[in-house]
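With mmCIF, C-alpha atoms inside, this is entry-v7.cif:
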data_query
#
loop_
_atom_site.group_PDB
_atom_site.id
_atom_site.type_symbol
_atom_site.label_atom_id
_atom_site.label_comp_id
_atom_site.auth_asym_id
_atom_site.auth_seq_id
_atom_site.Cartn_x
_atom_site.Cartn_y
_atom_site.Cartn_z
ATOM 1 C CA MET H 1 -14.500 11.113 11.672
ATOM 2 C CA TYR H 2 -13.326 11.521 8.086
ATOM 3 C CA LEU H 3 -11.408 8.565 6.624
ATOM 4 C CA PHE H 4 -8.723 8.813 3.930
ATOM 5 C CA PHE H 5 -6.664 6.128 2.195
ATOM 6 C CA VAL H 6 -2.933 6.561 1.661
ATOM 7 C CA ASP H 7 -0.109 4.437 0.269
ATOM 8 C CA ARG H 8 1.688 2.314 2.850
ATOM 9 C CA GLY H 9 4.891 4.202 2.094
ATOM 10 C CA ASP H 10 3.257 7.459 3.228
ATOM 11 C CA ILE H 11 2.899 6.194 6.801
ATOM 12 C CA GLY H 12 5.918 6.166 9.105
ATOM 13 C CA GLU H 13 6.382 5.458 12.782
ATOM 14 C CA THR H 14 5.306 8.865 14.051
ATOM 15 C CA GLU H 15 4.262 10.836 10.982
ATOM 16 C CA GLY H 16 2.311 10.362 7.781
ATOM 17 C CA ARG H 17 1.180 12.395 4.821
ATOM 18 C CA ILE H 18 -1.776 12.773 2.515
ATOM 19 C CA THR H 19 -1.247 13.904 -1.065
ATOM 20 C CA GLY H 20 -3.324 14.276 -4.221
ATOM 21 C CA SER H 21 -6.940 15.382 -4.521
ATOM 22 C CA ASP H 22 -7.708 14.450 -0.906
ATOM 23 C CA VAL H 23 -5.594 17.379 0.280
ATOM 24 C CA ASN H 24 -7.799 19.852 -1.557
ATOM 25 C CA HIS H 25 -10.867 18.170 -0.081
ATOM 26 C CA ILE H 26 -9.452 18.346 3.449
ATOM 27 C CA LYS H 27 -8.159 21.893 3.192
ATOM 28 C CA ASN H 28 -10.690 23.697 1.000
ATOM 29 C CA VAL H 29 -13.921 21.687 1.263
ATOM 30 C CA LEU H 30 -13.815 20.424 4.845
ATOM 31 C CA ARG H 31 -11.717 23.450 5.870
ATOM 32 C CA MET H 32 -9.783 21.428 8.420
ATOM 33 C CA LYS H 33 -7.068 23.239 10.329
ATOM 34 C CA PRO H 34 -3.796 22.032 11.861
ATOM 35 C CA GLY H 35 -4.599 20.336 15.147
ATOM 36 C CA GLU H 36 -7.786 18.666 13.877
ATOM 37 C CA GLU H 37 -7.953 14.871 13.696
ATOM 38 C CA VAL H 38 -8.525 12.544 10.746
ATOM 39 C CA SER H 39 -8.584 8.795 10.324
ATOM 40 C CA VAL H 40 -6.162 7.288 7.798
ATOM 41 C CA SER H 41 -6.026 3.764 6.380
ATOM 42 C CA ASP H 42 -3.026 2.267 4.620
ATOM 43 C CA GLY H 43 -5.292 0.022 2.519
ATOM 44 C CA ASN H 44 -3.918 -3.023 4.294
ATOM 45 C CA ASN H 45 -6.441 -3.214 7.107
ATOM 46 C CA CYS H 46 -4.582 -0.859 9.462
ATOM 47 C CA ARG H 47 -6.112 2.409 10.589
ATOM 48 C CA TYR H 48 -4.336 5.384 12.131
ATOM 49 C CA LEU H 49 -5.784 8.201 14.189
ATOM 50 C CA CYS H 50 -3.846 11.267 13.080
ATOM 51 C CA ARG H 51 -3.663 14.944 13.850
ATOM 52 C CA ILE H 52 -2.996 17.443 11.062
ATOM 53 C CA LYS H 53 0.404 18.989 11.748
ATOM 54 C CA GLU H 54 0.659 21.370 8.782
ATOM 55 C CA TYR H 55 0.074 21.848 5.081
ATOM 56 C CA ALA H 56 3.349 21.676 3.150
ATOM 57 C CA ASP H 57 4.605 21.802 -0.436
ATOM 58 C CA ASP H 58 2.538 24.910 -1.226
ATOM 59 C CA GLY H 59 -0.577 23.289 0.202
ATOM 60 C CA GLU H 60 -0.245 20.108 -1.895
ATOM 61 C CA GLU H 61 0.521 17.877 1.087
ATOM 62 C CA ALA H 62 -1.031 17.389 4.520
ATOM 63 C CA VAL H 63 1.575 16.385 7.100
ATOM 64 C CA LEU H 64 0.127 14.251 9.903
ATOM 65 C CA THR H 65 1.184 13.323 13.412
ATOM 66 C CA ILE H 66 0.183 9.745 14.240
ATOM 67 C CA VAL H 67 -1.721 9.527 17.530
ATOM 68 C CA ASN H 68 -2.358 5.775 17.542
ATOM 69 C CA ARG H 69 -2.579 2.717 15.309
ATOM 70 C CA GLN H 70 -5.100 -0.097 15.373
ATOM 71 C CA GLU H 71 -6.224 -3.052 13.298
ATOM 72 C CA ASN H 72 -9.331 -2.347 11.272
ATOM 73 C CA ASP H 73 -12.299 -4.470 12.347
ATOM 74 C CA THR H 74 -14.691 -3.750 9.473
ATOM 75 C CA GLU H 75 -13.592 -6.522 7.094
ATOM 76 C CA LEU H 76 -15.368 -9.843 6.678
ATOM 77 C CA SER H 77 -13.419 -12.965 7.535
ATOM 78 C CA SER H 78 -14.094 -14.274 4.022
ATOM 79 C CA LYS H 79 -12.896 -12.802 0.747
ATOM 80 C CA ILE H 80 -15.815 -12.439 -1.646
ATOM 81 C CA TYR H 81 -15.200 -12.084 -5.365
ATOM 82 C CA LEU H 82 -18.038 -10.692 -7.496
ATOM 83 C CA PHE H 83 -17.939 -11.817 -11.136
ATOM 84 C CA GLN H 84 -20.403 -9.355 -12.637
ATOM 85 C CA GLY H 85 -21.753 -9.648 -16.173
ATOM 86 C CA LEU H 86 -21.349 -6.236 -17.821
ATOM 87 C CA PRO H 87 -24.629 -4.309 -17.514
ATOM 88 C CA LYS H 88 -25.937 -1.458 -19.638
ATOM 89 C CA GLN H 89 -25.566 2.263 -19.008
ATOM 90 C CA GLU H 90 -24.231 3.283 -15.601
ATOM 91 C CA LYS H 91 -25.517 0.314 -13.621
ATOM 92 C CA MET H 92 -21.999 -0.926 -12.963
ATOM 93 C CA GLU H 93 -21.272 2.197 -10.944
ATOM 94 C CA LEU H 94 -24.157 1.391 -8.592
ATOM 95 C CA ILE H 95 -23.073 -2.248 -8.386
ATOM 96 C CA VAL H 96 -19.497 -1.301 -7.464
ATOM 97 C CA GLN H 97 -20.631 1.216 -4.862
ATOM 98 C CA LYS H 98 -23.045 -1.094 -3.079
ATOM 99 C CA ALA H 99 -20.845 -4.188 -3.354
ATOM 100 C CA VAL H 100 -18.012 -2.316 -1.631
ATOM 101 C CA GLU H 101 -20.361 -1.131 1.108
ATOM 102 C CA LEU H 102 -21.438 -4.732 1.670
ATOM 103 C CA GLY H 103 -17.915 -6.094 2.063
ATOM 104 C CA VAL H 104 -16.852 -7.429 -1.348
ATOM 105 C CA TYR H 105 -13.121 -8.103 -1.660
ATOM 106 C CA GLN H 106 -12.744 -7.864 -5.419
ATOM 107 C CA ILE H 107 -14.979 -7.119 -8.408
ATOM 108 C CA ILE H 108 -14.369 -8.686 -11.805
ATOM 109 C CA PRO H 109 -16.477 -7.307 -14.693
ATOM 110 C CA VAL H 110 -17.164 -10.129 -17.158
ATOM 111 C CA ALA H 111 -18.113 -9.990 -20.832
ATOM 112 C CA MET H 112 -20.781 -12.687 -21.220
ATOM 113 C CA LYS H 113 -22.693 -13.809 -24.303
ATOM 114 C CA ARG H 114 -25.853 -11.857 -23.519
ATOM 115 C CA CYS H 115 -24.061 -8.642 -22.559
ATOM 116 C CA VAL H 116 -25.345 -5.743 -24.632
ATOM 117 C CA VAL H 117 -22.321 -3.608 -23.758
ATOM 118 C CA ARG H 118 -19.157 -4.290 -25.753
ATOM 119 C CA LEU H 119 -16.055 -2.388 -24.680
ATOM 120 C CA ASP H 120 -12.859 -2.089 -26.677
ATOM 121 C CA GLU H 121 -9.604 -2.078 -24.728
ATOM 122 C CA LYS H 122 -9.370 1.715 -24.495
ATOM 123 C CA LYS H 123 -12.945 2.138 -23.274
ATOM 124 C CA ALA H 124 -12.583 -0.791 -20.873
ATOM 125 C CA GLN H 125 -9.509 0.776 -19.265
ATOM 126 C CA LYS H 126 -11.291 4.111 -18.904
ATOM 127 C CA LYS H 127 -14.325 2.436 -17.333
ATOM 128 C CA THR H 128 -12.178 0.373 -14.972
ATOM 129 C CA LYS H 129 -10.388 3.493 -13.763
ATOM 130 C CA ARG H 130 -13.744 5.157 -13.085
ATOM 131 C CA TRP H 131 -15.060 2.081 -11.248
ATOM 132 C CA GLN H 132 -11.911 1.969 -9.106
ATOM 133 C CA GLU H 133 -12.466 5.593 -8.074
ATOM 134 C CA ILE H 134 -16.028 4.695 -7.058
ATOM 135 C CA SER H 135 -14.690 1.741 -5.061
ATOM 136 C CA LYS H 136 -12.319 4.036 -3.183
ATOM 137 C CA SER H 137 -15.063 6.554 -2.447
ATOM 138 C CA ALA H 138 -17.418 3.811 -1.221
ATOM 139 C CA ALA H 139 -14.654 2.300 0.927
ATOM 140 C CA LYS H 140 -14.156 5.675 2.616
ATOM 141 C CA GLN H 141 -17.870 6.056 3.280
ATOM 142 C CA ALA H 142 -18.208 2.522 4.638
ATOM 143 C CA GLY H 143 -15.097 2.698 6.819
ATOM 144 C CA ARG H 144 -13.458 -0.216 5.032
ATOM 145 C CA GLY H 145 -9.941 -1.309 5.881
ATOM 146 C CA ILE H 146 -9.092 -1.872 2.214
ATOM 147 C CA VAL H 147 -10.079 -0.457 -1.145
ATOM 148 C CA PRO H 148 -11.532 -3.414 -3.092
ATOM 149 C CA GLU H 149 -9.901 -3.831 -6.478
ATOM 150 C CA VAL H 150 -12.008 -3.607 -9.631
ATOM 151 C CA ARG H 151 -10.230 -5.846 -12.133
ATOM 152 C CA ASN H 152 -10.004 -5.316 -15.857
ATOM 153 C CA VAL H 153 -12.903 -6.665 -17.902
ATOM 154 C CA SER H 154 -12.516 -10.441 -18.339
ATOM 155 C CA ALA H 155 -13.842 -12.858 -20.909
ATOM 156 C CA TRP H 156 -16.099 -15.636 -19.581
ATOM 157 C CA LYS H 157 -13.436 -18.344 -19.887
ATOM 158 C CA GLU H 158 -10.926 -16.111 -18.101
ATOM 159 C CA ALA H 159 -13.385 -15.541 -15.263
ATOM 160 C CA LEU H 160 -13.923 -19.287 -14.803
ATOM 161 C CA TRP H 161 -10.167 -19.817 -14.744
ATOM 162 C CA ALA H 162 -9.680 -17.048 -12.175
ATOM 163 C CA ALA H 163 -12.335 -18.640 -9.943
ATOM 164 C CA ARG H 164 -10.910 -22.141 -10.053
ATOM 165 C CA GLU H 165 -9.095 -21.991 -6.686
ATOM 166 C CA LEU H 166 -11.884 -20.380 -4.658
ATOM 167 C CA ASP H 167 -13.489 -22.482 -1.941
ATOM 168 C CA VAL H 168 -17.105 -21.760 -2.854
ATOM 169 C CA LEU H 169 -18.698 -20.705 -6.154
ATOM 170 C CA LEU H 170 -22.302 -19.497 -6.198
ATOM 171 C CA LEU H 171 -24.444 -19.061 -9.288
ATOM 172 C CA PRO H 172 -27.671 -17.148 -8.574
ATOM 173 C CA TYR H 173 -29.872 -18.367 -11.416
ATOM 174 C CA GLU H 174 -33.502 -17.647 -12.194
ATOM 175 C CA LEU H 175 -34.140 -21.283 -13.153
ATOM 176 C CA ALA H 176 -32.638 -22.681 -9.969
ATOM 177 C CA LYS H 177 -35.231 -24.262 -7.701
ATOM 178 C CA GLY H 178 -35.376 -25.234 -4.074
ATOM 179 C CA MET H 179 -35.025 -22.532 -1.438
ATOM 180 C CA ALA H 180 -34.333 -25.223 1.164
ATOM 181 C CA GLU H 181 -31.303 -26.422 -0.805
ATOM 182 C CA THR H 182 -30.082 -22.838 -1.248
ATOM 183 C CA LYS H 183 -30.351 -22.238 2.488
ATOM 184 C CA GLU H 184 -28.340 -25.406 3.133
ATOM 185 C CA ILE H 185 -25.625 -24.295 0.701
ATOM 186 C CA LEU H 186 -25.357 -20.852 2.285
ATOM 187 C CA ALA H 187 -25.430 -22.237 5.818
ATOM 188 C CA SER H 188 -22.542 -24.571 4.975
ATOM 189 C CA ILE H 189 -20.216 -21.678 4.076
ATOM 190 C CA ARG H 190 -17.731 -21.195 6.850
ATOM 191 C CA PRO H 191 -16.075 -17.898 7.830
ATOM 192 C CA GLY H 192 -12.668 -17.663 6.209
ATOM 193 C CA SER H 193 -13.757 -19.354 2.983
ATOM 194 C CA SER H 194 -13.037 -17.639 -0.310
ATOM 195 C CA ILE H 195 -16.281 -17.135 -2.207
ATOM 196 C CA GLY H 196 -17.029 -16.354 -5.836
ATOM 197 C CA ILE H 197 -20.409 -15.067 -7.028
ATOM 198 C CA PHE H 198 -21.350 -15.190 -10.718
ATOM 199 C CA ILE H 199 -24.008 -12.671 -11.774
ATOM 200 C CA GLY H 200 -25.394 -12.624 -15.302
ATOM 201 C CA PRO H 201 -26.104 -9.459 -17.337
ATOM 202 C CA GLU H 202 -29.603 -8.131 -18.134
ATOM 203 C CA GLY H 203 -30.403 -11.065 -20.401
ATOM 204 C CA GLY H 204 -29.173 -13.622 -17.923
ATOM 205 C CA PHE H 205 -26.815 -16.531 -18.541
ATOM 206 C CA GLU H 206 -26.694 -18.629 -21.661
ATOM 207 C CA LYS H 207 -27.395 -22.289 -20.931
ATOM 208 C CA GLU H 208 -23.854 -23.125 -22.034
ATOM 209 C CA GLU H 209 -22.417 -20.657 -19.518
ATOM 210 C CA VAL H 210 -24.440 -22.213 -16.704
ATOM 211 C CA GLU H 211 -23.199 -25.670 -17.666
ATOM 212 C CA GLU H 212 -19.584 -24.478 -17.817
ATOM 213 C CA ALA H 213 -19.876 -22.760 -14.451
ATOM 214 C CA MET H 214 -21.330 -25.882 -12.860
ATOM 215 C CA ALA H 215 -18.553 -27.974 -14.409
ATOM 216 C CA ALA H 216 -16.110 -25.572 -12.725
ATOM 217 C CA GLY H 217 -17.775 -26.237 -9.367
ATOM 218 C CA ALA H 218 -20.376 -23.460 -9.164
ATOM 219 C CA ARG H 219 -23.571 -24.301 -7.291
ATOM 220 C CA PRO H 220 -26.835 -22.806 -8.618
ATOM 221 C CA VAL H 221 -28.837 -20.997 -5.946
ATOM 222 C CA THR H 222 -32.182 -19.260 -5.982
ATOM 223 C CA LEU H 223 -32.845 -15.762 -4.675
ATOM 224 C CA GLY H 224 -36.587 -16.339 -4.474
ATOM 225 C CA ARG H 225 -39.544 -16.584 -6.817
ATOM 226 C CA ARG H 226 -39.086 -13.111 -8.224
ATOM 227 C CA ILE H 227 -36.733 -12.323 -11.098
ATOM 228 C CA LEU H 228 -34.187 -9.748 -9.965
ATOM 229 C CA ARG H 229 -32.375 -7.213 -12.108
ATOM 230 C CA THR H 230 -28.668 -7.756 -12.579
ATOM 231 C CA GLU H 231 -27.868 -4.782 -10.344
ATOM 232 C CA THR H 232 -30.092 -6.259 -7.613
ATOM 233 C CA ALA H 233 -28.976 -9.900 -7.765
ATOM 234 C CA GLY H 234 -25.370 -9.310 -6.716
ATOM 235 C CA ILE H 235 -26.331 -6.879 -3.970
ATOM 236 C CA THR H 236 -28.895 -9.358 -2.631
ATOM 237 C CA THR H 237 -26.398 -12.229 -2.599
ATOM 238 C CA LEU H 238 -23.778 -10.086 -0.876
ATOM 239 C CA SER H 239 -26.323 -8.974 1.722
ATOM 240 C CA VAL H 240 -27.179 -12.568 2.580
ATOM 241 C CA LEU H 241 -23.505 -13.539 2.783
ATOM 242 C CA MET H 242 -22.651 -10.516 4.925
ATOM 243 C CA PHE H 243 -25.348 -11.491 7.395
ATOM 244 C CA GLN H 244 -24.125 -15.101 7.321
ATOM 245 C CA LEU H 245 -20.424 -14.316 7.766
ATOM 246 C CA GLU H 246 -20.399 -11.192 9.921
ATOM 247 C CA GLU H 247 -18.689 -11.848 13.256
#
Rewrite the coordinates I just gave you, this time as structure tokens.
Amino acid sequence: MYLFFVDRGDIGETEGRITGSDVNHIKNVLRMKPGEEVSVSDGNNCRYLCRIKEYADDGEEAVLTIVNRQENDTELSSKIYLFQGLPKQEKMELIVQKAVELGVYQIIPVAMKRCVVRLDEKKAQKKTKRWQEISKSAAKQAGRGIVPEVRNVSAWKEALWAARELDVLLLPYELAKGMAETKEILASIRPGSSIGIFIGPEGGFEKEEVEEAMAAGARPVTLGRRILRTETAGITTLSVLMFQLEE
């Protein structure tokens, strides 16, 4: 069944509404008629089974009758924050898409020393808006109960500060050794913990960044003997955590 996200204010006790570009998609692409059912999420982990009542406001609004309401059961018990070093080209779009599919709670793009990409404020805002749209689309496809937020691009120091209150900080690092130790670290993470993952850009972390992250409480972990691309490292870490934390 098709899933659409709406603002909490657009859902009442017995009726709801869908507005914006989703209405065109429902009406003209999916060609759904009054009486057909859709699934609607309020972005706060509640899902509603709805029946299309009518198209109003000259076809700009889909009026819905709420059939039932239920808690969404697709979210992980832990909130995972991905601190992603800015990659080149369109790799960030892939990272956002797959991270959302795998259960990430929030994505924070980070400007690190070895980042090739340098975004001014105007370009950064435009990129962030695009990444947020991709997050919403991926959340629909994956049946998420929320749309993970893609934060504005942060400086490295800002990212460390933002991560200071998280329960667990992981630093996948190509120079980290000891798969046994990594397995112990991952096995010790309990459901419900807040988790931060730091991923370096194409050139990896500067030694100073690794030292600062460790001073902030991050624990270096290895993802194996092979060197992974930046767009693979975060996805791999999220996959392992999803398997570990899924209930």
Q | Atom pair atom CA of Ser154 of chain H / atom CA of Val96 of chain H: separation (Å) | A |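 Calculated distance between atom CA of Ser154 of chain H and atom CA of Val96 of chain H is 15.8 Å.
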Q: Taking the file above as input, evaluate the PyMOL selection byres ((chain H and resi 110) around 9) and report the hits as a list of chain:residue names.
A: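 Applied to this file, the PyMOL selection byres ((chain H and resi 110) around 9) selects H:Phe83, H:Gln84, H:Gly85, H:Leu86, H:Ile108, H:Pro109, H:Ala111, H:Met112, H:Cys115, H:Asn152, H:Val153, H:Ser154, H:Ala155, H:Trp156, H:Glu158, H:Ala159, H:Gly200, H:Pro201.
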Q. Hey, which of H:Glu165, H:Asp57, H:Glu208, H:Asp42 ends up closest to Asp7 of chain H? Count all atoms listed in the file.
A.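 Checking each of H:Glu165, H:Asp57, H:Glu208, H:Asp42 against Asp7 of chain H, counting all atoms listed in the file, the winner is H:Asp42.
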Q | Residue members of the PyMOL selection byres ((chain H and resi 62-66) around 10) in the file shown, as a ChimeraX atom specification | A | /H:10-20,22-24,26-27,34-40,48-57,59-61,67-69
Q.
Evaluated on this file, the PyMOL selection byres ((chain H and resi 233) around 12) picks out some residues - which ones are they, written as a count of residues only?
A. 37
Q | Who sits within 10 Å of Arg190 of chain H, all atoms listed in the file, same chain under 3 positions skipped, as a list of chain:residue names | A |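 What passes the distance filter is H:Ser77, H:Ser78, H:Asp167, H:Val168, H:Leu186, H:Ala187, H:Ser193, H:Ser194, H:Gln244, H:Leu245.
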Q) When distances are computed from all atoms listed in the file, which of H:Leu169, H:Glu133, H:Glu149, H:Tyr2 shows the smallest separation from Met214 of chain H? A) H:Leu169
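With atom CA of Trp131 of chain H on one side and atom CA of Gly192 of chain H on the other, the separation reads 26.5 Å.
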(Q) What does the structure give for the distance between atom CA of Val150 of chain H and atom CA of Ile107 of chain H, in Å to one decimal? (A)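 So the two atoms, atom CA of Val150 of chain H and atom CA of Ile107 of chain H, lie 4.8 Å apart.
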Ile134 of chain H surroundings by only C-alpha atoms, 9 Å radius, close-in-sequence under 4 positions cut, as a short mmCIF file (atom, residue, chain, number, x, y, z; two decimals) with C-alpha atoms, keeping the file's coordinate frame:
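Result file follows (part_12.cif):
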data_model
loop_
_atom_site.label_atom_id
_atom_site.label_comp_id
_atom_site.auth_asym_id
_atom_site.auth_seq_id
_atom_site.Cartn_x
_atom_site.Cartn_y
_atom_site.Cartn_z
CA GLU H 93 -21.27 2.20 -10.94
CA LEU H 94 -24.16 1.39 -8.59
CA VAL H 96 -19.50 -1.30 -7.46
CA GLN H 97 -20.63 1.22 -4.86
CA LYS H 129 -10.39 3.49 -13.76
CA ARG H 130 -13.74 5.16 -13.08
CA ALA H 138 -17.42 3.81 -1.22
CA ALA H 139 -14.65 2.30 0.93
#
Q: Choose the residue, out of H:Arg164, H:Pro191, H:Pro220, H:Gln132, that has the smallest atom-to-atom separation from Lys177 of chain H; count all atoms listed in the file.
A: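 Closest residue, counting all atoms listed in the file: H:Pro220.
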Q) So, counting all atoms listed in the file, which residue among H:Arg31, H:Arg47, H:Lys123, H:Arg151 is closest to Glu71 of chain H? A)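 Selected residue with least distance to Glu71 of chain H: H:Arg47.
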**Q.** Which of H:Ile195, H:Met242, H:Ile185, H:Val29 sits closest to Glu75 of chain H [using all atoms listed in the file]
**A.** H:Met242
Just segment 128-143 of chain H from the block, N, CA and C atoms, as a CSV table (one decimal), in the first residue's frame, could you?
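Saved file selection_8.csv follows:
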chain,number,residue,atom,x,y,z
H,128,THR,N,21.2,20.7,1.1
H,128,THR,CA,20.5,20.2,2.2
H,128,THR,C,19.0,20.0,1.9
H,129,LYS,N,18.4,20.9,1.2
H,129,LYS,CA,17.0,20.8,0.8
H,129,LYS,C,16.8,19.6,-0.1
H,130,ARG,N,17.7,19.4,-1.0
H,130,ARG,CA,17.7,18.2,-1.9
H,130,ARG,C,17.8,16.9,-1.1
H,131,TRP,N,18.8,16.9,-0.2
H,131,TRP,CA,19.0,15.7,0.6
H,131,TRP,C,17.8,15.4,1.4
H,132,GLN,N,17.1,16.4,1.9
H,132,GLN,CA,15.9,16.2,2.8
H,132,GLN,C,14.8,15.6,1.9
H,133,GLU,N,14.7,16.0,0.7
H,133,GLU,CA,13.7,15.4,-0.2
H,133,GLU,C,14.0,13.9,-0.5
H,134,ILE,N,15.3,13.6,-0.6
H,134,ILE,CA,15.6,12.2,-0.8
H,134,ILE,C,15.3,11.4,0.4
H,135,SER,N,15.6,12.0,1.6
H,135,SER,CA,15.2,11.3,2.8
H,135,SER,C,13.8,11.0,2.9
H,136,LYS,N,12.9,11.9,2.5
H,136,LYS,CA,11.5,11.7,2.6
H,136,LYS,C,11.1,10.6,1.6
H,137,SER,N,11.6,10.6,0.4
H,137,SER,CA,11.3,9.6,-0.6
H,137,SER,C,11.7,8.2,-0.1
H,138,ALA,N,12.9,8.1,0.5
H,138,ALA,CA,13.4,6.9,1.0
H,138,ALA,C,12.6,6.4,2.1
H,139,ALA,N,12.1,7.3,3.0
H,139,ALA,CA,11.3,6.9,4.1
H,139,ALA,C,10.0,6.3,3.7
H,140,LYS,N,9.4,6.9,2.6
H,140,LYS,CA,8.2,6.4,2.0
H,140,LYS,C,8.4,4.9,1.6
H,141,GLN,N,9.5,4.8,0.8
H,141,GLN,CA,9.8,3.5,0.2
H,141,GLN,C,10.0,2.4,1.3
H,142,ALA,N,10.7,2.8,2.4
H,142,ALA,CA,11.1,1.8,3.4
H,142,ALA,C,10.0,1.7,4.4
H,143,GLY,N,8.9,2.4,4.3
H,143,GLY,CA,7.8,2.3,5.3
H,143,GLY,C,8.2,2.8,6.7
